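File shown: upload.txt. Contents: compact mmCIF, C-alpha atoms.
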```txt
# COMPACT_ATOMS: atom_id res chain seq x y z
CA ILE Q 27 9.08 -42.68 -37.80
CA ALA Q 28 10.32 -39.10 -37.48
CA LEU Q 29 13.87 -38.40 -38.67
CA PHE Q 30 15.65 -35.31 -37.38
CA SER Q 31 19.06 -33.81 -37.90
CA ARG Q 32 21.02 -34.28 -34.68
CA ASP Q 33 21.54 -30.53 -34.29
CA ASN Q 34 17.97 -29.54 -35.13
CA VAL Q 35 15.61 -31.74 -33.14
CA ASP Q 36 12.08 -30.62 -32.31
CA TRP Q 37 11.96 -32.46 -29.00
CA ASN Q 38 8.28 -31.63 -28.54
CA HIS Q 39 7.30 -33.56 -31.65
CA VAL Q 40 9.42 -36.71 -31.63
CA THR Q 41 7.48 -39.92 -32.21
CA SER Q 42 7.55 -42.96 -29.93
CA ILE Q 43 10.28 -44.32 -32.19
CA PHE Q 44 12.44 -41.67 -33.82
CA ALA Q 45 15.80 -41.37 -35.58
CA LEU Q 46 18.63 -38.86 -35.71
CA SER Q 47 20.95 -38.23 -38.66
CA GLY Q 48 24.33 -36.53 -38.72
CA ASN Q 49 26.06 -39.01 -36.43
CA VAL Q 50 29.70 -40.11 -36.59
CA TRP Q 51 31.18 -43.48 -37.48
CA PRO Q 52 32.77 -44.59 -34.19
CA GLY Q 53 36.50 -45.11 -33.93
CA ALA Q 54 39.85 -43.40 -33.57
CA GLU Q 55 41.03 -40.98 -36.22
CA MET Q 56 44.33 -42.11 -37.70
CA PRO Q 57 47.11 -39.92 -39.15
CA GLY Q 58 45.85 -38.03 -42.15
CA GLY Q 59 42.23 -38.32 -40.98
CA SER Q 60 41.86 -41.95 -42.06
CA ARG Q 61 40.51 -44.87 -40.07
CA LYS Q 62 42.70 -47.62 -41.43
CA SER Q 63 43.97 -50.40 -39.22
CA SER Q 64 47.00 -48.95 -37.52
CA ASP Q 65 48.86 -48.92 -34.23
CA THR Q 66 49.05 -45.13 -34.18
CA ALA Q 67 46.65 -42.25 -33.72
CA PRO Q 68 47.18 -38.47 -33.61
CA ALA Q 69 47.86 -37.23 -30.08
CA GLY Q 70 50.05 -34.68 -28.38
CA PRO Q 71 52.32 -35.43 -25.41
CA THR Q 72 49.45 -34.91 -22.97
CA GLN Q 73 46.52 -35.63 -25.28
CA ASP Q 74 44.50 -38.78 -25.86
CA PRO Q 75 43.77 -40.03 -29.39
CA TRP Q 76 40.76 -38.36 -31.01
CA VAL Q 77 38.01 -40.96 -30.65
CA ASP Q 78 34.64 -40.47 -32.31
CA SER Q 79 31.56 -41.75 -30.48
CA ASN Q 80 27.83 -41.12 -30.36
CA GLY Q 81 27.55 -42.16 -26.71
CA TRP Q 82 26.50 -38.68 -25.59
CA VAL Q 83 23.40 -38.61 -27.82
CA SER Q 84 21.36 -41.24 -26.00
CA PRO Q 85 21.48 -39.59 -22.52
CA LEU Q 86 20.32 -36.38 -24.19
CA ALA Q 87 17.43 -38.17 -25.91
CA ARG Q 88 16.44 -39.99 -22.72
CA CYS Q 89 16.24 -36.65 -20.92
CA MET Q 90 14.39 -34.78 -23.65
CA ALA Q 91 12.16 -37.63 -24.86
CA PRO Q 92 11.75 -40.04 -21.93
CA GLY Q 93 10.20 -43.40 -22.73
CA LYS Q 94 10.83 -43.07 -26.47
CA THR Q 95 13.17 -45.18 -28.57
CA LEU Q 96 16.06 -43.59 -30.46
CA TRP Q 97 17.68 -45.04 -33.57
CA LEU Q 98 20.85 -43.53 -35.04
CA GLU Q 99 21.44 -43.13 -38.76
CA ILE Q 100 25.17 -43.74 -39.30
CA ASP Q 101 26.73 -44.28 -42.71
CA PRO Q 102 29.83 -46.49 -42.95
CA PRO Q 103 32.87 -44.85 -44.54
CA ALA Q 104 33.46 -45.43 -48.22
CA SER Q 105 35.72 -48.41 -48.79
CA ALA Q 106 37.09 -50.31 -51.77
CA LYS Q 107 36.74 -53.58 -49.86
CA MET Q 108 34.58 -54.92 -47.06
CA LEU Q 109 35.12 -53.20 -43.74
CA PRO Q 110 36.07 -55.62 -40.95
CA ALA Q 111 33.12 -57.01 -39.00
CA GLU Q 112 34.71 -55.60 -35.84
CA ARG Q 113 34.11 -52.07 -37.11
CA TYR Q 114 30.41 -52.78 -37.45
CA CYS Q 115 30.29 -54.47 -34.07
CA LEU Q 116 31.89 -51.38 -32.53
CA THR Q 117 29.19 -49.20 -34.09
CA VAL Q 118 26.46 -51.48 -32.73
CA ALA Q 119 28.04 -51.46 -29.28
CA ASP Q 120 28.61 -47.70 -29.26
CA ALA Q 121 24.88 -47.15 -29.74
CA ARG Q 122 23.48 -50.00 -27.66
CA ALA Q 123 25.76 -49.45 -24.66
CA SER Q 124 24.36 -45.94 -24.21
CA GLY Q 125 20.73 -46.94 -24.68
CA CYS Q 126 19.88 -46.37 -28.34
CA ARG Q 127 20.12 -48.43 -31.52
CA TRP Q 128 21.84 -48.20 -34.89
CA ILE Q 129 20.00 -48.46 -38.21
CA ILE Q 130 22.49 -50.97 -39.61
CA ASP Q 131 23.95 -49.83 -42.92
CA LEU Q 132 26.60 -51.77 -44.81
CA ASP Q 133 29.35 -50.68 -47.16
CA GLU Q 134 28.84 -51.40 -50.86
CA PRO Q 135 31.41 -54.22 -51.10
CA MET Q 136 29.77 -56.08 -48.21
CA ARG Q 137 26.32 -55.64 -49.71
CA ALA Q 138 27.52 -57.10 -52.98
CA ALA Q 139 29.33 -59.94 -51.23
CA LEU Q 140 26.24 -60.82 -49.17
CA ALA Q 141 24.09 -60.85 -52.28
CA ALA Q 142 26.62 -63.20 -53.87
CA HIS Q 143 26.62 -65.45 -50.76
CA VAL Q 144 30.34 -64.96 -50.18
CA PRO Q 145 31.18 -66.93 -47.00
CA GLU Q 146 33.32 -64.16 -45.49
CA ALA Q 147 30.46 -61.68 -45.85
CA THR Q 148 27.95 -64.10 -44.35
CA ALA Q 149 30.28 -64.72 -41.41
CA ALA Q 150 30.70 -60.96 -40.90
CA TRP Q 151 26.94 -60.43 -40.96
CA ASN Q 152 26.42 -63.19 -38.40
CA GLN Q 153 29.02 -61.55 -36.17
CA ILE Q 154 27.23 -58.19 -36.41
CA ALA Q 155 23.87 -59.81 -35.64
CA ALA Q 156 25.38 -61.64 -32.65
CA MET Q 157 26.64 -58.34 -31.22
CA ASP Q 158 23.17 -56.82 -31.52
CA ALA Q 159 21.59 -59.94 -29.95
CA PHE Q 160 24.03 -59.72 -27.04
CA PHE Q 161 22.55 -56.37 -26.02
CA ASP Q 162 19.02 -57.70 -26.50
CA LYS Q 163 19.80 -60.12 -23.65
CA HIS Q 164 20.54 -57.20 -21.31
CA PRO Q 165 17.73 -54.63 -21.86
CA GLN Q 166 18.21 -53.19 -18.36
CA TRP Q 167 21.55 -51.73 -19.46
CA ALA Q 168 19.70 -49.17 -21.58
CA GLU Q 169 18.24 -47.63 -18.42
CA PHE Q 170 21.53 -47.10 -16.60
CA ASP Q 171 22.42 -43.49 -15.75
CA SER Q 172 25.91 -42.06 -15.59
CA VAL Q 173 27.49 -41.83 -12.15
CA SER Q 174 28.34 -38.15 -12.35
CA VAL Q 175 29.04 -35.09 -10.22
CA LEU Q 176 28.14 -32.64 -13.01
CA THR Q 177 24.75 -31.70 -14.46
CA VAL Q 178 24.57 -29.90 -17.82
CA VAL Q 179 21.45 -27.74 -18.15
CA SER Q 180 20.00 -26.37 -21.39
CA ASP Q 181 16.74 -26.38 -23.33
CA PHE Q 182 18.72 -28.03 -26.15
CA GLY Q 183 16.45 -26.16 -28.58
CA SER Q 184 17.33 -24.84 -32.01
CA ASP Q 185 18.89 -21.60 -30.70
CA ASN Q 186 21.05 -23.43 -28.17
CA ALA Q 187 21.54 -26.84 -29.80
CA ALA Q 188 24.88 -26.08 -31.46
CA MET Q 189 26.56 -25.05 -28.21
CA SER Q 190 24.82 -27.42 -25.80
CA ASN Q 191 25.20 -30.49 -28.04
CA GLU Q 192 28.87 -29.79 -28.58
CA VAL Q 193 29.38 -29.31 -24.86
CA LEU Q 194 27.98 -32.80 -24.24
CA HIS Q 195 29.98 -34.23 -27.13
CA LEU Q 196 33.30 -32.80 -25.99
CA LEU Q 197 32.76 -33.62 -22.32
CA GLN Q 198 32.48 -37.23 -23.43
CA ARG Q 199 35.80 -36.85 -25.24
CA LEU Q 200 37.30 -35.64 -21.96
CA HIS Q 201 35.84 -38.72 -20.19
CA VAL Q 202 33.65 -36.55 -17.96
CA PRO Q 203 30.38 -38.32 -17.06
CA VAL Q 204 27.41 -35.95 -16.94
CA THR Q 205 23.73 -35.84 -16.09
CA VAL Q 206 21.61 -34.04 -18.69
CA ALA Q 207 18.83 -31.69 -17.55
CA ASP Q 208 16.16 -29.89 -19.58
CA ARG Q 209 15.79 -26.40 -18.18
CA ASN Q 210 12.08 -26.44 -19.11
CA ARG Q 211 11.47 -29.19 -16.56
CA SER Q 212 12.11 -29.63 -12.85
CA LEU Q 213 15.81 -29.47 -12.08
CA SER Q 214 15.62 -30.81 -8.55
CA PRO Q 215 15.97 -34.54 -9.35
CA ARG Q 216 18.72 -33.85 -11.88
CA ILE Q 217 21.00 -31.87 -9.57
CA ALA Q 218 20.42 -33.79 -6.32
CA GLY Q 219 23.72 -35.13 -5.02
CA LYS Q 220 25.81 -33.30 -7.64
CA GLN Q 221 28.79 -31.07 -7.05
CA ALA Q 222 28.44 -28.73 -10.04
CA VAL Q 223 25.88 -27.43 -12.52
CA LEU Q 224 26.85 -26.11 -15.94
CA TRP Q 225 24.10 -23.74 -17.11
CA VAL Q 226 24.79 -23.47 -20.84
CA ASP Q 227 22.07 -21.15 -22.16
CA ASP Q 228 22.14 -17.35 -22.07
CA ALA Q 229 18.54 -17.33 -20.82
CA GLU Q 230 18.38 -16.94 -17.05
CA PRO Q 231 16.65 -19.47 -14.79
CA ASN Q 232 13.08 -18.80 -13.75
CA ALA Q 233 12.28 -17.81 -10.16
CA ALA Q 234 11.88 -21.39 -8.89
CA GLN Q 235 15.05 -22.57 -10.64
CA HIS Q 236 16.96 -19.54 -9.36
CA GLN Q 237 15.98 -20.30 -5.77
CA LEU Q 238 16.91 -23.96 -6.18
CA LEU Q 239 20.30 -23.15 -7.69
CA MET Q 240 21.16 -20.55 -5.05
CA GLN Q 241 20.35 -23.11 -2.34
CA PHE Q 242 22.54 -25.60 -4.21
CA VAL Q 243 25.44 -23.12 -4.16
CA GLU Q 244 24.96 -22.15 -0.52
CA ARG Q 245 25.24 -25.82 0.47
CA GLY Q 246 28.61 -26.08 -1.29
CA GLY Q 247 27.79 -26.64 -4.96
CA MET Q 248 29.23 -24.79 -7.94
CA VAL Q 249 27.20 -23.19 -10.73
CA ILE Q 250 29.02 -22.32 -13.97
CA ALA Q 251 27.11 -19.79 -16.11
CA PRO Q 252 27.63 -17.48 -19.10
CA LYS Q 253 26.55 -14.43 -17.07
CA TYR Q 254 25.90 -13.51 -13.47
CA TRP Q 255 22.37 -13.81 -12.10
CA GLY Q 256 23.18 -14.39 -8.44
CA PRO Q 257 22.43 -12.14 -5.48
CA LYS Q 258 23.42 -8.50 -5.74
CA GLY Q 259 26.24 -7.02 -3.69
CA ILE Q 260 28.68 -9.94 -3.92
CA ALA Q 261 32.16 -8.93 -5.06
CA SER Q 262 33.78 -11.09 -7.72
CA LEU Q 263 37.13 -12.80 -7.34
CA GLN Q 264 39.59 -13.74 -10.06
CA TYR Q 265 42.33 -16.35 -10.00
CA ASP Q 266 45.35 -16.61 -12.30
CA TRP Q 267 44.78 -20.33 -12.77
CA LEU Q 268 41.25 -19.75 -14.15
CA PHE Q 269 41.63 -16.99 -16.70
CA GLY Q 270 38.47 -15.45 -18.16
CA TYR Q 271 36.10 -16.11 -15.26
CA ASN Q 272 34.72 -14.18 -12.31
CA ILE Q 273 34.06 -16.22 -9.16
CA TYR Q 274 31.39 -15.26 -6.64
CA GLN Q 275 31.45 -16.87 -3.20
CA LEU Q 276 28.00 -17.64 -1.85
CA GLY Q 277 27.70 -19.64 1.36
CA LYS Q 278 29.85 -22.74 1.04
CA GLY Q 279 29.80 -22.73 -2.76
CA LYS Q 280 30.64 -20.63 -5.80
CA ILE Q 281 29.08 -19.13 -8.89
CA VAL Q 282 31.63 -19.13 -11.73
CA VAL Q 283 30.82 -16.74 -14.58
CA ALA Q 284 32.57 -16.44 -17.95
CA THR Q 285 33.59 -12.82 -18.48
CA GLY Q 286 32.63 -12.85 -22.15
CA GLY Q 287 29.93 -15.52 -22.08
CA PHE Q 288 30.34 -18.99 -23.53
CA THR Q 289 31.84 -18.85 -27.02
CA ASP Q 290 34.05 -21.92 -27.38
CA PRO Q 291 32.58 -25.27 -26.25
CA TRP Q 292 35.98 -26.98 -26.21
CA GLN Q 293 37.51 -24.34 -23.92
CA LEU Q 294 34.39 -24.34 -21.77
CA ASP Q 295 34.58 -28.09 -21.32
CA ARG Q 296 38.27 -28.01 -20.48
CA ASP Q 297 37.64 -25.26 -17.91
CA THR Q 298 34.67 -27.19 -16.48
CA HIS Q 299 36.82 -30.30 -16.20
CA LEU Q 300 39.48 -28.24 -14.42
```
What would you get if you wrote out this structure as C-alpha cells?
Amino acid sequence: IALFSRDNVDWNHVTSIFALSGNVWPGAEMPGGSRKSSDTAPAGPTQDPWVDSNGWVSPLARCMAPGKTLWLEIDPPASAKMLPAERYCLTVADARASGCRWIIDLDEPMRAALAAHVPEATAAWNQIAAMDAFFDKHPQWAEFDSVSVLTVVSDFGSDNAAMSNEVLHLLQRLHVPVTVADRNRSLSPRIAGKQAVLWVDDAEPNAAQHQLLMQFVERGGMVIAPKYWGPKGIASLQYDWLFGYNIYQLGKGKIVVATGGFTDPWQLDRDTHL
C-alpha cells in the first residue's frame, strides 16, 4: 500500500488502496490551542469556531484517483488519560462521511487499558467499532457528490499542491461545497450546471479548455483566475467592494482576475465566497 504525504502525492502512481499522512485530528480548537472538553472555542464576533476536518481530502482523491480506496493516517493527540470514545467516533465519521477511511490509531493510555482488559477501554473500543460498522451498512454514501455551484480546477501536482490543497481545505472551513476538477482531464462534466470556476494554477488552459471556459462565461458563468487569458480587446472593470481584482465582462458572464496573482489561499477563498 503506497503512503504519501498529503501535500506531495504522485497521483499517477497511487495504488488501488493508498494512504495519506499529514492529516489533522478532527475537532474544534479550544482557547490556547487545546482540544479539551469545553463550552468555548476561539471566534471573533463574526467568525465561526476554528474546526479541523479532513473532509476535503476524499473529494480530491476521488477526482484524482477514481475507483481507488483512500485511507487516512491520523495520530491522536498526546494525552495523560484515555481520550473519550466520542473523539474517536468523530474521527471515524469525519473520514467515512466523505468517502475514505481512517487507519485507527489509539492513544497510549487506551492501548494499555485494552491490553489490561479494563472494562471502560473495552466499551470505548466497541463504540468505535460500532461507528465504523454503521458506515459499512451504507456504502452508497461514499459515492455521493457535493451539491455545489463552484468547481475548483488544478492539476494538484507538486508545484501547485500547496496552494490548491489549501484552497480546498479553507473553502470547507467557510462551508462552501465544491466540485474538484483535474485540469489534465476533461472539464466538461465537472463544470456542467455550475455558476463559477476557480482556476487555481498559473498555467493557462489548453485550447479545448479555453474554448469550453469562454463558452461557460458567455452563457453567464464566472471564471476566477490568477491572470487574464480571455479574448483580447476587453476593457477591465474594477469595483470598490472587490479590491485587488480586474473584472472582464464577456457575454452574460465575467472573468475575474487577481491583479497580483493568487498569493494567499485564505483571502482567495473569502473573495471567492463573496
Quiz item: How many Å separate atom CA of Ile217 of chain Q from atom CA of Arg199 of chain Q?
Solution: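 These two atoms are separated by 22.1 Å.
When only C-alpha atoms are used to measure the gap to Gly286 of chain Q, the shortest distance among Q:Ser180, Q:Ser79, Q:Asn272, Q:Gln237 belongs to Q:Asn272.
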Exercise. Quick one: everything within 7 Å of segment 124-138 of chain Q, counting all atoms listed in the file, minus sequence neighbours fewer than 4 positions away in the same chain. Send it as a PyMOL selection string.
Key: chain Q and resi 81+84+95-99+101-102+104-108+118+120+142+147+168-169
Quiz prompt | Residue nearest Phe269 of chain Q - candidates Q:Thr285, Q:Pro165, Q:Asp295, Q:Asp227, atoms counted: only C-alpha atoms | solution = Q:Thr285
Practice problem: Might you pull out every residue within 9 Å of Lys253 of chain Q, with only C-alpha atoms counted and same-chain residues fewer than 5 positions away left off, and present them as an NGL selection string? | Solution: :Q and (228 or 230 or 282-288)
Exercise. Around the point (29.7, -25.9, -14.1) in the file's coordinates, collect all residues with an atom within 8 Å, using all atoms listed in the file, and return them as a PyMOL selection string.
Key: chain Q and resi 176-178+222-225+248-251+282+298
Quiz item: What gap, in Å, lies between atom CA of Ala91 of chain Q and atom CA of Trp37 of chain Q?
Solution: 6.6 Å
Quiz item: Within 8 Å of Asn210 of chain Q, counting all atoms listed in the file, which residues qualify if same-chain residues fewer than 2 places away don't, as a ChimeraX atom specification?
Solution: /Q:181,208,212
Please produce a file of those selected residues containing C-alpha atoms, as a compact mmCIF listing (two decimals), keeping the file's coordinate frame.
```
# COMPACT_ATOMS: atom_id res chain seq x y z
CA ASP Q 181 16.74 -26.38 -23.33
CA ASP Q 208 16.16 -29.89 -19.58
CA SER Q 212 12.11 -29.63 -12.85
```
Quiz item: Between Q:Gly277, Q:Pro85, Q:Pro215, Q:Gly247, which is the closest to Arg122 of chain Q once you count all atoms listed in the file?
Solution: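 Residue with the minimum atom-to-atom distance to Arg122 of chain Q: Q:Pro85.
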Practice problem: Rank Q:Pro203, Q:Gly53, Q:Pro257, Q:Pro252 by their smallest atom-to-atom distance to Tyr114 of chain Q, using all atoms listed in the file, and report the top residue only. | Solution: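 Result for the nearest residue to Tyr114 of chain Q: Q:Gly53.
For Asp36 of chain Q, the non-local neighbours within 9 Å, defined as residues at least 4 positions apart in the same chain or in other chains and counting all atoms listed in the file, are Phe30, Val40, Gly183 and Ser184 of chain Q.
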Practice problem: To one decimal in Å, tell me the separation between atom CA of Tyr274 of chain Q and atom CA of Gln221 of chain Q. | Solution: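 Separation between atom CA of Tyr274 of chain Q and atom CA of Gln221 of chain Q: 16.0 Å.
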Quiz prompt | Q:Ala188, Q:Ala139, Q:Cys115, Q:Leu300 ranked by distance to Ile154 of chain Q, top pick (using only C-alpha atoms) | solution =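 The answer is Q:Cys115, which sits nearest to Ile154 of chain Q.
Distances to Leu239 of chain Q were evaluated for Q:Thr205, Q:Ile100, Q:Tyr265, Q:Val179 using all atoms listed in the file, and the minimum falls at Q:Val179.
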Could segment 286-297 of chain Q be completed with N, CA, C and O atoms and written as a CSV table (one decimal), in the coordinates of the input, please?
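part.csv was written with the following content:
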```csv
chain,number,residue,atom,x,y,z
Q,286,GLY,N,33.2,-13.2,-20.8
Q,286,GLY,CA,32.6,-12.8,-22.2
Q,286,GLY,C,31.5,-13.8,-22.6
Q,286,GLY,O,31.3,-13.9,-23.8
Q,287,GLY,N,30.9,-14.5,-21.7
Q,287,GLY,CA,29.9,-15.5,-22.1
Q,287,GLY,C,30.6,-16.8,-22.6
Q,287,GLY,O,31.8,-16.9,-22.6
Q,288,PHE,N,29.8,-17.7,-23.0
Q,288,PHE,CA,30.3,-19.0,-23.5
Q,288,PHE,C,30.4,-18.9,-25.1
Q,288,PHE,O,29.4,-18.7,-25.7
Q,289,THR,N,31.6,-19.0,-25.6
Q,289,THR,CA,31.8,-18.8,-27.0
Q,289,THR,C,32.5,-20.1,-27.6
Q,289,THR,O,32.3,-20.4,-28.8
Q,290,ASP,N,33.3,-20.8,-26.9
Q,290,ASP,CA,34.0,-21.9,-27.4
Q,290,ASP,C,33.7,-23.2,-26.5
Q,290,ASP,O,34.2,-23.3,-25.4
Q,291,PRO,N,33.0,-24.1,-27.1
Q,291,PRO,CA,32.6,-25.3,-26.2
Q,291,PRO,C,33.8,-26.1,-25.8
Q,291,PRO,O,33.7,-26.7,-24.7
Q,292,TRP,N,34.8,-26.2,-26.6
Q,292,TRP,CA,36.0,-27.0,-26.2
Q,292,TRP,C,36.7,-26.3,-25.0
Q,292,TRP,O,37.0,-27.0,-24.0
Q,293,GLN,N,36.9,-25.0,-25.1
Q,293,GLN,CA,37.5,-24.3,-23.9
Q,293,GLN,C,36.6,-24.4,-22.7
Q,293,GLN,O,37.1,-24.6,-21.6
Q,294,LEU,N,35.3,-24.3,-22.9
Q,294,LEU,CA,34.4,-24.3,-21.8
Q,294,LEU,C,34.5,-25.7,-21.1
Q,294,LEU,O,34.5,-25.8,-19.9
Q,295,ASP,N,34.5,-26.8,-21.9
Q,295,ASP,CA,34.6,-28.1,-21.3
Q,295,ASP,C,35.9,-28.3,-20.6
Q,295,ASP,O,35.9,-29.0,-19.5
Q,296,ARG,N,37.0,-27.9,-21.1
Q,296,ARG,CA,38.3,-28.0,-20.5
Q,296,ARG,C,38.3,-27.3,-19.1
Q,296,ARG,O,38.8,-27.8,-18.1
Q,297,ASP,N,37.7,-26.0,-19.1
Q,297,ASP,CA,37.6,-25.3,-17.9
Q,297,ASP,C,36.7,-25.9,-16.9
Q,297,ASP,O,37.0,-25.9,-15.7
```
